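Coordinates as given in final27.txt (compact mmCIF, N, CA and C atoms):
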# COMPACT_ATOMS: atom_id res chain seq x y z
N PHE C 1 28.98 -11.26 4.92
CA PHE C 1 28.34 -11.10 6.21
C PHE C 1 26.85 -10.77 6.05
N PHE C 2 26.55 -9.85 5.13
CA PHE C 2 25.16 -9.46 4.92
C PHE C 2 24.31 -10.66 4.53
N PHE C 3 24.84 -11.50 3.62
CA PHE C 3 24.06 -12.64 3.17
C PHE C 3 23.84 -13.66 4.28
N GLN C 4 24.81 -13.80 5.19
CA GLN C 4 24.64 -14.69 6.33
C GLN C 4 23.53 -14.18 7.23
N ALA C 5 23.51 -12.87 7.46
CA ALA C 5 22.45 -12.29 8.29
C ALA C 5 21.10 -12.48 7.63
N GLU C 6 21.05 -12.27 6.31
CA GLU C 6 19.80 -12.44 5.58
C GLU C 6 19.33 -13.89 5.68
N ASP C 7 20.25 -14.85 5.55
CA ASP C 7 19.90 -16.26 5.69
C ASP C 7 19.35 -16.55 7.08
N GLY C 8 19.96 -15.94 8.09
CA GLY C 8 19.50 -16.14 9.46
C GLY C 8 18.09 -15.62 9.67
N ILE C 9 17.81 -14.47 9.10
CA ILE C 9 16.46 -13.91 9.20
C ILE C 9 15.47 -14.82 8.48
N ARG C 10 15.84 -15.26 7.29
CA ARG C 10 14.96 -16.14 6.52
C ARG C 10 14.70 -17.44 7.28
N ASP C 11 15.75 -18.03 7.85
CA ASP C 11 15.58 -19.27 8.62
C ASP C 11 14.67 -19.06 9.82
N ALA C 12 14.83 -17.93 10.50
CA ALA C 12 13.99 -17.64 11.66
C ALA C 12 12.53 -17.48 11.24
N GLN C 13 12.31 -16.82 10.12
CA GLN C 13 10.94 -16.64 9.64
C GLN C 13 10.32 -17.98 9.28
N GLU C 14 11.08 -18.82 8.59
CA GLU C 14 10.55 -20.11 8.17
C GLU C 14 10.27 -21.01 9.37
N SER C 15 11.11 -20.91 10.39
CA SER C 15 10.91 -21.77 11.55
C SER C 15 9.64 -21.39 12.30
N ARG C 16 9.16 -20.18 12.11
CA ARG C 16 7.90 -19.76 12.73
C ARG C 16 6.71 -20.02 11.82
N GLY C 17 6.95 -20.65 10.68
CA GLY C 17 5.87 -20.92 9.75
C GLY C 17 5.50 -19.71 8.91
N LEU C 18 6.36 -18.70 8.88
CA LEU C 18 6.06 -17.48 8.14
C LEU C 18 6.84 -17.37 6.84
N GLY C 19 7.60 -18.42 6.50
CA GLY C 19 8.46 -18.35 5.33
C GLY C 19 7.74 -17.96 4.07
N ASP C 20 6.63 -18.61 3.80
CA ASP C 20 5.89 -18.32 2.57
C ASP C 20 5.33 -16.91 2.58
N VAL C 21 4.78 -16.49 3.71
CA VAL C 21 4.24 -15.14 3.83
C VAL C 21 5.36 -14.12 3.64
N TYR C 22 6.50 -14.37 4.27
CA TYR C 22 7.66 -13.48 4.15
C TYR C 22 8.08 -13.34 2.70
N LYS C 23 8.17 -14.45 2.00
CA LYS C 23 8.59 -14.43 0.59
C LYS C 23 7.58 -13.69 -0.27
N ARG C 24 6.29 -13.95 -0.04
CA ARG C 24 5.27 -13.27 -0.84
C ARG C 24 5.25 -11.77 -0.58
N GLN C 25 5.43 -11.37 0.69
CA GLN C 25 5.44 -9.95 0.99
C GLN C 25 6.69 -9.29 0.40
N ALA C 26 7.82 -9.99 0.43
CA ALA C 26 9.04 -9.46 -0.19
C ALA C 26 8.81 -9.27 -1.69
N TYR C 27 8.10 -10.19 -2.31
CA TYR C 27 7.78 -10.06 -3.73
C TYR C 27 6.85 -8.86 -3.96
N ALA C 28 5.87 -8.68 -3.09
CA ALA C 28 4.97 -7.52 -3.20
C ALA C 28 5.76 -6.23 -3.06
N ASP C 29 6.73 -6.20 -2.16
CA ASP C 29 7.58 -5.02 -2.01
C ASP C 29 8.36 -4.72 -3.28
N ARG C 30 8.85 -5.77 -3.93
CA ARG C 30 9.57 -5.57 -5.20
C ARG C 30 8.63 -5.01 -6.26
N MET C 31 7.39 -5.50 -6.30
CA MET C 31 6.42 -4.98 -7.27
C MET C 31 6.16 -3.49 -7.01
N THR C 32 6.06 -3.13 -5.74
CA THR C 32 5.86 -1.73 -5.37
C THR C 32 7.05 -0.88 -5.82
N ASN C 33 8.27 -1.38 -5.59
CA ASN C 33 9.46 -0.63 -5.99
C ASN C 33 9.53 -0.43 -7.50
N ILE C 34 9.17 -1.46 -8.25
CA ILE C 34 9.13 -1.32 -9.71
C ILE C 34 8.07 -0.28 -10.09
N GLY C 35 6.94 -0.32 -9.41
CA GLY C 35 5.90 0.68 -9.65
C GLY C 35 6.40 2.10 -9.41
N TYR C 36 7.15 2.28 -8.31
CA TYR C 36 7.73 3.60 -8.03
C TYR C 36 8.68 4.04 -9.15
N ALA C 37 9.47 3.12 -9.65
CA ALA C 37 10.41 3.45 -10.72
C ALA C 37 9.66 3.91 -11.97
N TYR C 38 8.61 3.17 -12.34
CA TYR C 38 7.82 3.58 -13.49
C TYR C 38 7.13 4.93 -13.25
N LYS C 39 6.70 5.16 -12.01
CA LYS C 39 6.09 6.45 -11.67
C LYS C 39 7.09 7.58 -11.91
N LYS C 40 8.32 7.39 -11.45
CA LYS C 40 9.36 8.42 -11.63
C LYS C 40 9.67 8.65 -13.10
N LEU C 41 9.51 7.62 -13.92
CA LEU C 41 9.73 7.75 -15.36
C LEU C 41 8.54 8.36 -16.08
N GLY C 42 7.46 8.60 -15.32
CA GLY C 42 6.26 9.17 -15.92
C GLY C 42 5.41 8.16 -16.65
N GLN C 43 5.68 6.87 -16.46
CA GLN C 43 4.92 5.81 -17.11
C GLN C 43 3.86 5.30 -16.13
N TYR C 44 2.81 6.07 -16.00
CA TYR C 44 1.82 5.83 -14.97
C TYR C 44 1.03 4.55 -15.18
N GLY C 45 0.79 4.18 -16.41
CA GLY C 45 0.09 2.92 -16.70
C GLY C 45 0.89 1.72 -16.23
N LYS C 46 2.20 1.72 -16.50
CA LYS C 46 3.07 0.63 -16.04
C LYS C 46 3.18 0.65 -14.52
N ALA C 47 3.29 1.83 -13.93
CA ALA C 47 3.35 1.93 -12.47
C ALA C 47 2.09 1.34 -11.86
N LEU C 48 0.95 1.69 -12.42
CA LEU C 48 -0.33 1.18 -11.94
C LEU C 48 -0.37 -0.34 -12.01
N GLU C 49 0.13 -0.90 -13.09
CA GLU C 49 0.16 -2.35 -13.26
C GLU C 49 0.92 -3.02 -12.11
N TYR C 50 2.05 -2.47 -11.73
CA TYR C 50 2.85 -3.07 -10.66
C TYR C 50 2.24 -2.82 -9.28
N PHE C 51 1.65 -1.64 -9.09
CA PHE C 51 0.98 -1.40 -7.81
C PHE C 51 -0.21 -2.35 -7.63
N LEU C 52 -0.92 -2.62 -8.72
CA LEU C 52 -2.04 -3.56 -8.65
C LEU C 52 -1.57 -4.97 -8.34
N ARG C 53 -0.43 -5.37 -8.90
CA ARG C 53 0.13 -6.68 -8.57
C ARG C 53 0.45 -6.76 -7.08
N SER C 54 1.08 -5.70 -6.58
CA SER C 54 1.43 -5.66 -5.17
C SER C 54 0.17 -5.74 -4.31
N GLU C 55 -0.86 -5.03 -4.71
CA GLU C 55 -2.11 -5.02 -3.94
C GLU C 55 -2.71 -6.42 -3.83
N GLN C 56 -2.67 -7.18 -4.92
CA GLN C 56 -3.23 -8.53 -4.89
C GLN C 56 -2.48 -9.44 -3.92
N ILE C 57 -1.18 -9.29 -3.85
CA ILE C 57 -0.38 -10.10 -2.93
C ILE C 57 -0.62 -9.65 -1.49
N GLN C 58 -0.64 -8.34 -1.29
CA GLN C 58 -0.80 -7.82 0.07
C GLN C 58 -2.14 -8.16 0.69
N ILE C 59 -3.19 -8.16 -0.08
CA ILE C 59 -4.50 -8.50 0.48
C ILE C 59 -4.50 -9.93 1.00
N GLN C 60 -3.73 -10.80 0.35
CA GLN C 60 -3.64 -12.20 0.78
C GLN C 60 -2.70 -12.37 1.97
N THR C 61 -1.60 -11.63 1.98
CA THR C 61 -0.59 -11.84 3.02
C THR C 61 -0.79 -10.96 4.25
N LEU C 62 -1.25 -9.73 4.05
CA LEU C 62 -1.36 -8.78 5.17
C LEU C 62 -2.78 -8.55 5.63
N GLY C 63 -3.72 -8.71 4.74
CA GLY C 63 -5.11 -8.41 5.06
C GLY C 63 -5.48 -6.99 4.67
N SER C 64 -6.75 -6.70 4.74
CA SER C 64 -7.27 -5.44 4.22
C SER C 64 -7.19 -4.27 5.18
N SER C 65 -6.63 -4.46 6.38
CA SER C 65 -6.53 -3.33 7.31
C SER C 65 -5.09 -2.96 7.64
N HIS C 66 -4.14 -3.57 6.97
CA HIS C 66 -2.73 -3.32 7.26
C HIS C 66 -2.29 -1.98 6.65
N PRO C 67 -1.46 -1.20 7.36
CA PRO C 67 -1.00 0.09 6.83
C PRO C 67 -0.25 -0.02 5.49
N SER C 68 0.50 -1.09 5.28
CA SER C 68 1.18 -1.25 3.99
C SER C 68 0.18 -1.45 2.85
N TYR C 69 -0.89 -2.17 3.13
CA TYR C 69 -1.94 -2.34 2.14
C TYR C 69 -2.59 -1.00 1.83
N GLU C 70 -2.83 -0.22 2.87
CA GLU C 70 -3.40 1.12 2.67
C GLU C 70 -2.49 1.98 1.81
N ALA C 71 -1.19 1.93 2.06
CA ALA C 71 -0.23 2.71 1.27
C ALA C 71 -0.28 2.31 -0.20
N THR C 72 -0.42 1.02 -0.45
CA THR C 72 -0.50 0.55 -1.83
C THR C 72 -1.79 1.05 -2.49
N LEU C 73 -2.90 1.02 -1.75
CA LEU C 73 -4.15 1.56 -2.30
C LEU C 73 -4.00 3.04 -2.64
N SER C 74 -3.28 3.77 -1.80
CA SER C 74 -3.04 5.18 -2.06
C SER C 74 -2.20 5.37 -3.33
N ASN C 75 -1.20 4.52 -3.50
CA ASN C 75 -0.38 4.58 -4.71
C ASN C 75 -1.23 4.31 -5.96
N ILE C 76 -2.12 3.34 -5.85
CA ILE C 76 -3.00 3.03 -6.98
C ILE C 76 -3.90 4.22 -7.28
N GLY C 77 -4.48 4.81 -6.25
CA GLY C 77 -5.32 5.99 -6.44
C GLY C 77 -4.56 7.13 -7.10
N ALA C 78 -3.31 7.32 -6.66
CA ALA C 78 -2.49 8.40 -7.23
C ALA C 78 -2.22 8.17 -8.72
N MET C 79 -2.04 6.92 -9.11
CA MET C 79 -1.78 6.62 -10.53
C MET C 79 -3.04 6.86 -11.35
N TYR C 80 -4.19 6.48 -10.81
CA TYR C 80 -5.44 6.79 -11.53
C TYR C 80 -5.63 8.29 -11.64
N LEU C 81 -5.25 9.02 -10.61
CA LEU C 81 -5.34 10.48 -10.65
C LEU C 81 -4.46 11.04 -11.76
N ARG C 82 -3.22 10.55 -11.84
CA ARG C 82 -2.29 10.99 -12.90
C ARG C 82 -2.82 10.67 -14.29
N LYS C 83 -3.56 9.55 -14.38
CA LYS C 83 -4.12 9.14 -15.67
C LYS C 83 -5.46 9.82 -15.94
N GLU C 84 -5.86 10.72 -15.05
CA GLU C 84 -7.11 11.46 -15.14
C GLU C 84 -8.34 10.55 -15.13
N GLU C 85 -8.22 9.44 -14.41
CA GLU C 85 -9.34 8.53 -14.20
C GLU C 85 -9.84 8.79 -12.77
N TYR C 86 -10.56 9.87 -12.63
CA TYR C 86 -10.90 10.41 -11.32
C TYR C 86 -11.83 9.52 -10.50
N GLU C 87 -12.78 8.87 -11.16
CA GLU C 87 -13.70 7.98 -10.44
C GLU C 87 -12.93 6.82 -9.81
N LYS C 88 -12.00 6.23 -10.57
CA LYS C 88 -11.20 5.13 -10.04
C LYS C 88 -10.28 5.62 -8.92
N ALA C 89 -9.70 6.80 -9.10
CA ALA C 89 -8.84 7.37 -8.05
C ALA C 89 -9.63 7.54 -6.77
N LEU C 90 -10.81 8.10 -6.88
CA LEU C 90 -11.65 8.32 -5.71
C LEU C 90 -12.00 6.99 -5.03
N GLU C 91 -12.28 5.98 -5.81
CA GLU C 91 -12.60 4.66 -5.26
C GLU C 91 -11.47 4.17 -4.34
N PHE C 92 -10.23 4.31 -4.79
CA PHE C 92 -9.11 3.82 -3.99
C PHE C 92 -8.80 4.74 -2.81
N PHE C 93 -8.97 6.05 -2.99
CA PHE C 93 -8.75 6.95 -1.87
C PHE C 93 -9.80 6.74 -0.77
N LEU C 94 -11.03 6.42 -1.16
CA LEU C 94 -12.06 6.14 -0.17
C LEU C 94 -11.79 4.84 0.58
N LYS C 95 -11.21 3.87 -0.11
CA LYS C 95 -10.80 2.64 0.58
C LYS C 95 -9.74 2.96 1.63
N CYS C 96 -8.81 3.86 1.30
CA CYS C 96 -7.78 4.28 2.26
C CYS C 96 -8.42 4.95 3.47
N GLU C 97 -9.37 5.82 3.21
CA GLU C 97 -10.04 6.53 4.30
C GLU C 97 -10.76 5.55 5.22
N ASN C 98 -11.34 4.53 4.64
CA ASN C 98 -12.04 3.52 5.44
C ASN C 98 -11.07 2.75 6.33
N ILE C 99 -9.91 2.42 5.81
CA ILE C 99 -8.90 1.72 6.60
C ILE C 99 -8.41 2.62 7.72
N GLU C 100 -8.17 3.90 7.42
CA GLU C 100 -7.74 4.85 8.45
C GLU C 100 -8.79 4.95 9.55
N ARG C 101 -10.04 5.04 9.16
CA ARG C 101 -11.12 5.14 10.14
C ARG C 101 -11.13 3.91 11.04
N THR C 102 -11.01 2.76 10.43
CA THR C 102 -11.03 1.52 11.19
C THR C 102 -9.83 1.41 12.13
N ASN C 103 -8.65 1.74 11.63
CA ASN C 103 -7.43 1.56 12.42
C ASN C 103 -7.17 2.65 13.43
N PHE C 104 -7.55 3.89 13.13
CA PHE C 104 -7.11 5.00 13.97
C PHE C 104 -8.23 5.75 14.67
N ARG C 105 -9.28 6.03 14.00
CA ARG C 105 -10.33 6.86 14.60
C ARG C 105 -10.96 6.19 15.81
N GLU C 106 -11.12 4.88 15.73
CA GLU C 106 -11.77 4.18 16.84
C GLU C 106 -10.90 4.12 18.08
N THR C 107 -9.58 4.23 17.90
CA THR C 107 -8.67 4.07 19.04
C THR C 107 -7.96 5.36 19.43
N ASN C 108 -8.13 6.42 18.65
CA ASN C 108 -7.40 7.65 18.92
C ASN C 108 -8.39 8.82 18.97
N PRO C 109 -8.76 9.28 20.16
CA PRO C 109 -9.77 10.34 20.29
C PRO C 109 -9.40 11.63 19.55
N SER C 110 -8.12 12.00 19.54
CA SER C 110 -7.76 13.25 18.85
C SER C 110 -7.92 13.11 17.35
N TYR C 111 -7.66 11.94 16.80
CA TYR C 111 -7.86 11.72 15.37
C TYR C 111 -9.34 11.82 15.04
N ALA C 112 -10.16 11.23 15.88
CA ALA C 112 -11.61 11.28 15.66
C ALA C 112 -12.10 12.72 15.73
N ARG C 113 -11.61 13.50 16.71
CA ARG C 113 -12.02 14.89 16.86
C ARG C 113 -11.59 15.70 15.62
N ASP C 114 -10.33 15.53 15.20
CA ASP C 114 -9.81 16.28 14.05
C ASP C 114 -10.55 15.93 12.77
N SER C 115 -11.00 14.68 12.64
CA SER C 115 -11.67 14.26 11.41
C SER C 115 -13.04 14.91 11.28
N GLN C 116 -13.58 15.48 12.35
CA GLN C 116 -14.90 16.09 12.31
C GLN C 116 -14.84 17.60 12.09
N LEU C 117 -13.65 18.13 11.88
CA LEU C 117 -13.53 19.56 11.60
C LEU C 117 -14.21 19.90 10.29
N ASP C 118 -14.67 21.11 10.18
CA ASP C 118 -15.30 21.56 8.94
C ASP C 118 -14.22 22.01 7.96
N TRP C 119 -14.05 21.24 6.90
CA TRP C 119 -13.00 21.54 5.92
C TRP C 119 -13.55 22.32 4.73
N ASN C 120 -14.77 22.87 4.83
CA ASN C 120 -15.37 23.57 3.70
C ASN C 120 -14.61 24.85 3.33
N HIS C 121 -13.83 25.37 4.26
CA HIS C 121 -13.12 26.61 3.97
C HIS C 121 -11.92 26.40 3.04
N LEU C 122 -11.54 25.15 2.79
CA LEU C 122 -10.37 24.90 1.94
C LEU C 122 -10.63 25.15 0.49

Represent the supplied structure as structure tokens.
Amino acid sequence: FFFQAEDGIRDAQESRGLGDVYKRQAYADRMTNIGYAYKKLGQYGKALEYFLRSEQIQIQTLGSSHPSYEATLSNIGAMYLRKEEYEKALEFFLKCENIERTNFRETNPSYARDSQLDWNHL
């Protein structure tokens, strides 16, 4: 039954012309899952490799402002942080912040207000 439902979803996606995008995003999701597994094993270099693969697919399929793409950038930054490559980590975290600003601050007044708080006391 599950496989029939999966086939139905796949057929519906393909009939809308999204079949290739769906397949590529599913592949990116698998790369992310493998990255998570390597992260849990403490193999941060291997995790980073798979997160970077996922990022390359997502930028093509989802675009640079999609929340899933942002999550992948955050994962990449976290792996650089674990590897003590702080400049690279910061580069990816700043990309995340830029996506958040674009997606949320412009459309959500409370987010914009909260982002202007003085965090120097932390």

- Message: Can you pull out the residues contacting Met79 in chain C? Cut-off 8 Å, using all atoms listed in the file, and skip same-chain residues under 3 positions away; I want them as an NGL selection string.
- Response: :C and (39 or 44-45 or 47-48 or 73-76 or 82-85 or 88-89)

- Any idea what's packed within 8 Å of Gln58 in chain C, counting all atoms listed in the file, ignoring anything in its chain fewer than 4 positions away? Could you give it as an MDAnalysis selection string? chainID C and resid 24:25 27:29 52:54 62:64 68:69

- Message: Need to verify the contact set: Ile34 in chain C, 7 Å, only N, CA and C atoms, exclusion of same-chain residues closer than 6 positions in sequence. Can you return it as a count of residues only?
- Response: 4

- Query: Given the choices C:Thr61, C:Glu55, C:Glu87, C:Lys40, which gets closest to Tyr22 in chain C if the distance is worked out from all atoms listed in the file?
  - Reply: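 Residue with the minimum atom-to-atom distance to Tyr22 in chain C: C:Thr61.
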
- Note on the structure: Of C:Glu91, C:Ala37, C:Arg30, C:Ser65, the one sitting nearest Gly77 in chain C when using only N, CA and C atoms is C:Glu91

- One decimal place gives the CA of Ile57 in chain C-CA of Phe93 in chain C separation as 19.0 Å

- Give me, please, the distance in Å between atom C of His66 in chain C and atom C of Gln43 in chain C, quoted to one decimal. 24.7 Å

Report as AutoDock Vina command-line options the centre and the edge lengths, in Å to one decimal, of the axis-aligned box holding every listed atom of range 72-88 of chain C, padded by 6 Å on each side.
--center_x -7.0 --center_y 6.0 --center_z -8.2 --size_x 25.3 --size_y 22.9 --size_z 27.5

- Task: Could you check how far CA of Leu41 in chain C sits from atom N of Lys95 in chain C, in Å to one decimal?
- Result: 26.2 Å

- Using only C-alpha atoms, which of the listed residues (C:Ala78, C:Val21, C:Ile59, C:Phe104) sits closest to Gly35 in chain C?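 Closest candidate: C:Ala78.
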